[in-house]
Amino acid sequence: MLYLVGTPIGNMGDFSSRAQEVLSSVDIIACEDTRRTGLLLQNFGIENKLFSYHEHNKFSKGPVLIDMMKQGLDVALVSDAGMPSINDPGEDLVKLAIENDLDVTAVPGPVAAITALVLSGLDTTKFHYEGFLPSEGSPRKKRLEALTKFEETVIIYEAPHRLMKLISELQKYGFGSSKAAFCRELTKKYEQVLRVTIDEAYEYFTQTPPKGEFVICLSPLPQKQGEDISEEDLDVLIREMSDKGMSTKDIAKDIASKTGRNKKEIYAYIVNLLQ
Ligand code: SAM
């Protein structure tokens with residue numbers, strides 16, 4: 001059996017008694033950093049065997065853990081902090097365990113993203129978890145572009161030395177006046193939640209260089225509302241554009257941007273109308 005066990009993101013009081021019981025009773029604990037997990041266990045008087053399982057050895061060590069479980073051993077997986085699988089290794093082992101018909105259960109603990117979201121004061125009904133953006137280049141630009149399209153609160157993880165870069169980029173992508181919450185050192189002594197716009201954050205962090213661990217919650221950009229066009233008017237408009245010699249592709253693009261409708265669906269509609 002595989003146990004996914006949450007550990008504190010700062011405050012040791014958040015280490016649940018069930019997490020402690022499970023980590024004491026399983027046959028082996030797979031962890032990212034044996035020294036770090038060793039210290040956590042030592043603090044709580046837990047003695048058990050540790051097995052190194054991290055981003056760089058997960059493909060070779062995953063099958064070893066699966067074999068142990070197939071032989072009937074119970075394995076617990078912990079990350080350095082928070083829940084395994086959330087921006088930490090875990091996902092692959094869970095998939096492997098499921099493929100091998102092994103039982104998987106979770107002992108939930110704190111997650112920095114959710115802790116930040118509930119403290120943010122922003123909309124919590126729907127949210128998008130982004131985690132870390134790719135560090136640079138076009139993969140990063142693509143994700144920044146994608147963020148402009150979301151209609152729900154976005155949750156981003158970022159390292160303190162890269163925070164100003166992120167804030168400047170968010171300004172460039174139109175988020176300057178968007179509300180945000182910069183959640184720092186959650187559950188720790190110097191916990192701070194800065195509820196400001198992105199422009200205000202730029203000013204603040206220029207004066208006070210960011211330190212510690214951060215989660216950023218960001219409210220979405222207002223999305224363009226499409227024009228409401230009746231089917232009849234739409235057909236007239238399409239025919240007019242076609243008579244002017246516009247290609248089906250260009251008509252679809254134009255109507256999609258005017259109405260907010262899906263470009264592929266509009267394209268198919270035009271083809272059907274004009275045949
Ligand atoms: N598995 C973790 C979880 O459940 O949230 C996330 C691990 S991820 C490798 C580390 C990132 O999580 C940090 O860079 C920071 O963005 C965020 N984080 C972790 N602990 C935090 C804390 N106490 N306060 C603010 N952010 C935290």
# chains A, B, ... in the order shown; residues from 1 in each chain; ligands from 1
$ select_by_dssp --residues "segment 187-242 of chain A" --states "helix (DSSP H, G or I)" --output "list in words"
Ile198, Asp199, Glu200, Ala201, Tyr202, Glu203, Tyr204, Phe205, Thr206, Gln207, Glu231, Glu232, Asp233, Leu234, Asp235, Val236, Leu237, Ile238, Arg239, Glu240, Met241 and Ser242 of chain A
$ write_last_selection --atoms "N, CA and C atoms" --output "PDB file, in the first residue's frame"
ATOM      1  N   ILE A 198      -0.722  44.591  -8.617  1.00  0.00           N
ATOM      2  CA  ILE A 198       0.613  44.211  -9.106  1.00  0.00           C
ATOM      3  C   ILE A 198       1.503  45.460  -9.190  1.00  0.00           C
ATOM      4  N   ASP A 199       0.927  46.604  -9.606  1.00  0.00           N
ATOM      5  CA  ASP A 199       1.733  47.843  -9.647  1.00  0.00           C
ATOM      6  C   ASP A 199       2.210  48.217  -8.237  1.00  0.00           C
ATOM      7  N   GLU A 200       1.311  48.096  -7.257  1.00  0.00           N
ATOM      8  CA  GLU A 200       1.695  48.433  -5.870  1.00  0.00           C
ATOM      9  C   GLU A 200       2.763  47.466  -5.354  1.00  0.00           C
ATOM     10  N   ALA A 201       2.648  46.201  -5.777  1.00  0.00           N
ATOM     11  CA  ALA A 201       3.642  45.203  -5.350  1.00  0.00           C
ATOM     12  C   ALA A 201       5.016  45.594  -5.887  1.00  0.00           C
ATOM     13  N   TYR A 202       5.031  46.091  -7.124  1.00  0.00           N
ATOM     14  CA  TYR A 202       6.313  46.491  -7.724  1.00  0.00           C
ATOM     15  C   TYR A 202       6.974  47.563  -6.843  1.00  0.00           C
ATOM     16  N   GLU A 203       6.153  48.567  -6.449  1.00  0.00           N
ATOM     17  CA  GLU A 203       6.674  49.638  -5.579  1.00  0.00           C
ATOM     18  C   GLU A 203       7.168  49.051  -4.259  1.00  0.00           C
ATOM     19  N   TYR A 204       6.327  48.203  -3.655  1.00  0.00           N
ATOM     20  CA  TYR A 204       6.637  47.666  -2.330  1.00  0.00           C
ATOM     21  C   TYR A 204       7.937  46.862  -2.333  1.00  0.00           C
ATOM     22  N   PHE A 205       8.044  45.937  -3.312  1.00  0.00           N
ATOM     23  CA  PHE A 205       9.216  45.056  -3.294  1.00  0.00           C
ATOM     24  C   PHE A 205      10.479  45.754  -3.814  1.00  0.00           C
ATOM     25  N   THR A 206      10.305  46.928  -4.459  1.00  0.00           N
ATOM     26  CA  THR A 206      11.481  47.716  -4.819  1.00  0.00           C
ATOM     27  C   THR A 206      12.089  48.292  -3.527  1.00  0.00           C
ATOM     28  N   GLN A 207      11.210  48.671  -2.602  1.00  0.00           N
ATOM     29  CA  GLN A 207      11.673  49.220  -1.308  1.00  0.00           C
ATOM     30  C   GLN A 207      12.114  48.109  -0.348  1.00  0.00           C
ATOM     31  N   GLU A 231     -28.373  34.675 -35.126  1.00  0.00           N
ATOM     32  CA  GLU A 231     -27.966  33.763 -36.206  1.00  0.00           C
ATOM     33  C   GLU A 231     -28.166  34.424 -37.577  1.00  0.00           C
ATOM     34  N   GLU A 232     -29.316  35.126 -37.710  1.00  0.00           N
ATOM     35  CA  GLU A 232     -29.616  35.764 -39.008  1.00  0.00           C
ATOM     36  C   GLU A 232     -28.555  36.798 -39.366  1.00  0.00           C
ATOM     37  N   ASP A 233     -28.251  37.677 -38.379  1.00  0.00           N
ATOM     38  CA  ASP A 233     -27.242  38.721 -38.625  1.00  0.00           C
ATOM     39  C   ASP A 233     -25.880  38.102 -38.911  1.00  0.00           C
ATOM     40  N   LEU A 234     -25.619  36.982 -38.217  1.00  0.00           N
ATOM     41  CA  LEU A 234     -24.334  36.306 -38.396  1.00  0.00           C
ATOM     42  C   LEU A 234     -24.210  35.811 -39.847  1.00  0.00           C
ATOM     43  N   ASP A 235     -25.305  35.227 -40.364  1.00  0.00           N
ATOM     44  CA  ASP A 235     -25.276  34.704 -41.739  1.00  0.00           C
ATOM     45  C   ASP A 235     -25.056  35.844 -42.736  1.00  0.00           C
ATOM     46  N   VAL A 236     -25.750  36.980 -42.504  1.00  0.00           N
ATOM     47  CA  VAL A 236     -25.611  38.133 -43.403  1.00  0.00           C
ATOM     48  C   VAL A 236     -24.152  38.608 -43.375  1.00  0.00           C
ATOM     49  N   LEU A 237     -23.622  38.712 -42.176  1.00  0.00           N
ATOM     50  CA  LEU A 237     -22.245  39.196 -41.999  1.00  0.00           C
ATOM     51  C   LEU A 237     -21.243  38.279 -42.709  1.00  0.00           C
ATOM     52  N   ILE A 238     -21.434  36.978 -42.555  1.00  0.00           N
ATOM     53  CA  ILE A 238     -20.526  36.005 -43.184  1.00  0.00           C
ATOM     54  C   ILE A 238     -20.601  36.153 -44.710  1.00  0.00           C
ATOM     55  N   ARG A 239     -21.816  36.265 -45.239  1.00  0.00           N
ATOM     56  CA  ARG A 239     -21.967  36.372 -46.706  1.00  0.00           C
ATOM     57  C   ARG A 239     -21.317  37.655 -47.212  1.00  0.00           C
ATOM     58  N   GLU A 240     -21.508  38.751 -46.456  1.00  0.00           N
ATOM     59  CA  GLU A 240     -20.905  40.034 -46.872  1.00  0.00           C
ATOM     60  C   GLU A 240     -19.381  39.911 -46.936  1.00  0.00           C
ATOM     61  N   MET A 241     -18.826  39.309 -45.909  1.00  0.00           N
ATOM     62  CA  MET A 241     -17.359  39.164 -45.858  1.00  0.00           C
ATOM     63  C   MET A 241     -16.868  38.289 -47.006  1.00  0.00           C
ATOM     64  N   SER A 242     -17.618  37.207 -47.255  1.00  0.00           N
ATOM     65  CA  SER A 242     -17.230  36.290 -48.322  1.00  0.00           C
ATOM     66  C   SER A 242     -17.313  36.991 -49.677  1.00  0.00           C
TER      67      SER A 242
END
$ residues_near_ligand --ligand "ligand 1" --cutoff "6 Å" --atoms "only C-alpha atoms and all ligand atoms" --output "list in words"
Ile9, Gly10, Ala81, Gly82, Met83, Pro84, Ile86, Asn87, Asp88, Val111, Ala112, Ala113, Tyr157, Glu158, Ala159, Cys183, Arg184, Glu185, Leu186, Thr187, Glu213, Phe214 and Val215 of chain A
$ atom_distance --atom1 "atom CA of Ser17 of chain A" --atom2 "atom CA of Asp74 of chain A"
18.2 Å
$ select_by_dssp --residues "segment 49-270 of chain A" --states "strand (DSSP E)" --output "PyMOL selection string"
chain A and resi 50-52+75-78+104-107+127-131+153-158+179-184+192-197+214-218
$ closest_residue --among "A:Pro160, A:Pro108, A:Gly245, A:Gly72" --to "Val22 of chain A" --atoms "only C-alpha atoms"
A:Pro108
$ residues_around --residues "Leu39 of chain A" --least-positions-apart "5" --cutoff "12 Å" --atoms "only C-alpha atoms" --output "list in words"
Met12, Asp33, Thr34, Phe44, Gly45, Ile46, Glu47, Asn48, Leu50 and Asp80 of chain A
$ atom_distance --atom1 "atom CA of Val118 of chain A" --atom2 "atom CA of Lys95 of chain A"
29.1 Å
$ atom_distance --atom1 "atom CA of Glu152 of chain A" --atom2 "atom CA of Ile216 of chain A"
13.7 Å
$ residues_around --residues "segment 59-65 of chain A" --least-positions-apart "5" --cutoff "9 Å" --atoms "only C-alpha atoms" --output "VMD selection string"
chain A and resid 30 51 to 54 70 75 92 to 93 96
$ residues_around --residues "Ala97 of chain A" --least-positions-apart "4" --cutoff "9 Å" --atoms "only C-alpha atoms" --output "PyMOL selection string"
chain A and resi 1-2+66+69+92-93+101-104
$ write_last_selection --atoms "all heavy atoms" --output "short mmCIF file (atom, residue, chain, number, x, y, z; two decimals), in the first residue's frame"
data_model
loop_
_atom_site.label_atom_id
_atom_site.label_comp_id
_atom_site.auth_asym_id
_atom_site.auth_seq_id
_atom_site.Cartn_x
_atom_site.Cartn_y
_atom_site.Cartn_z
N MET A 1 0.84 -1.19 0.00
CA MET A 1 0.00 0.00 0.00
C MET A 1 0.88 1.25 0.00
O MET A 1 1.91 1.29 0.65
CB MET A 1 -0.85 -0.04 1.28
CG MET A 1 -1.63 1.20 1.56
SD MET A 1 -3.35 0.71 1.66
CE MET A 1 -4.14 2.24 1.96
N LEU A 2 0.43 2.26 -0.75
CA LEU A 2 1.18 3.52 -0.80
C LEU A 2 0.41 4.59 -0.02
O LEU A 2 -0.77 4.82 -0.28
CB LEU A 2 1.36 3.96 -2.26
CG LEU A 2 1.98 5.33 -2.50
CD1 LEU A 2 3.43 5.37 -1.97
CD2 LEU A 2 1.98 5.67 -3.99
N ILE A 66 7.77 0.13 -6.15
CA ILE A 66 6.61 -0.66 -6.59
C ILE A 66 6.84 -2.15 -6.25
O ILE A 66 5.94 -2.82 -5.72
CB ILE A 66 6.34 -0.47 -8.11
CG1 ILE A 66 5.93 0.98 -8.41
CG2 ILE A 66 5.30 -1.47 -8.64
CD1 ILE A 66 4.62 1.42 -7.84
N MET A 69 6.18 -2.79 -2.64
CA MET A 69 4.74 -2.83 -2.31
C MET A 69 4.10 -4.11 -2.82
O MET A 69 3.23 -4.68 -2.17
CB MET A 69 4.05 -1.58 -2.87
CG MET A 69 4.40 -0.33 -2.09
SD MET A 69 3.51 1.13 -2.64
CE MET A 69 4.63 1.80 -3.85
N ASP A 92 4.23 10.48 -10.45
CA ASP A 92 4.65 9.30 -11.22
C ASP A 92 4.50 8.02 -10.40
O ASP A 92 4.09 6.99 -10.93
CB ASP A 92 6.13 9.44 -11.64
CG ASP A 92 6.32 10.64 -12.51
OD1 ASP A 92 6.15 10.51 -13.73
OD2 ASP A 92 6.58 11.74 -11.98
N LEU A 93 4.81 8.13 -9.10
CA LEU A 93 4.72 6.94 -8.26
C LEU A 93 3.25 6.54 -8.10
O LEU A 93 2.92 5.35 -8.10
CB LEU A 93 5.37 7.22 -6.89
CG LEU A 93 5.56 6.00 -6.00
CD1 LEU A 93 6.46 4.96 -6.66
CD2 LEU A 93 6.14 6.39 -4.64
N ASP A 101 -2.04 -2.03 -9.82
CA ASP A 101 -3.16 -2.45 -8.96
C ASP A 101 -2.85 -2.40 -7.47
O ASP A 101 -3.34 -3.23 -6.70
CB ASP A 101 -3.60 -3.90 -9.31
CG ASP A 101 -4.38 -3.90 -10.60
OD1 ASP A 101 -5.06 -2.88 -10.88
OD2 ASP A 101 -4.29 -4.91 -11.33
N LEU A 102 -2.02 -1.45 -7.09
CA LEU A 102 -1.70 -1.32 -5.67
C LEU A 102 -2.64 -0.29 -5.05
O LEU A 102 -3.09 0.63 -5.74
CB LEU A 102 -0.25 -0.86 -5.50
CG LEU A 102 0.80 -1.89 -5.92
CD1 LEU A 102 2.16 -1.25 -6.14
CD2 LEU A 102 0.90 -3.00 -4.87
N ASP A 103 -2.93 -0.45 -3.76
CA ASP A 103 -3.80 0.53 -3.09
C ASP A 103 -3.02 1.80 -2.79
O ASP A 103 -1.85 1.75 -2.39
CB ASP A 103 -4.32 -0.04 -1.77
CG ASP A 103 -5.36 -1.12 -2.02
OD1 ASP A 103 -6.03 -1.05 -3.08
OD2 ASP A 103 -5.46 -2.04 -1.19
N VAL A 104 -3.69 2.94 -2.98
CA VAL A 104 -3.07 4.23 -2.68
C VAL A 104 -4.01 5.01 -1.77
O VAL A 104 -5.22 5.07 -2.03
CB VAL A 104 -2.87 5.07 -3.98
CG1 VAL A 104 -2.12 6.37 -3.67
CG2 VAL A 104 -2.12 4.27 -5.03
#
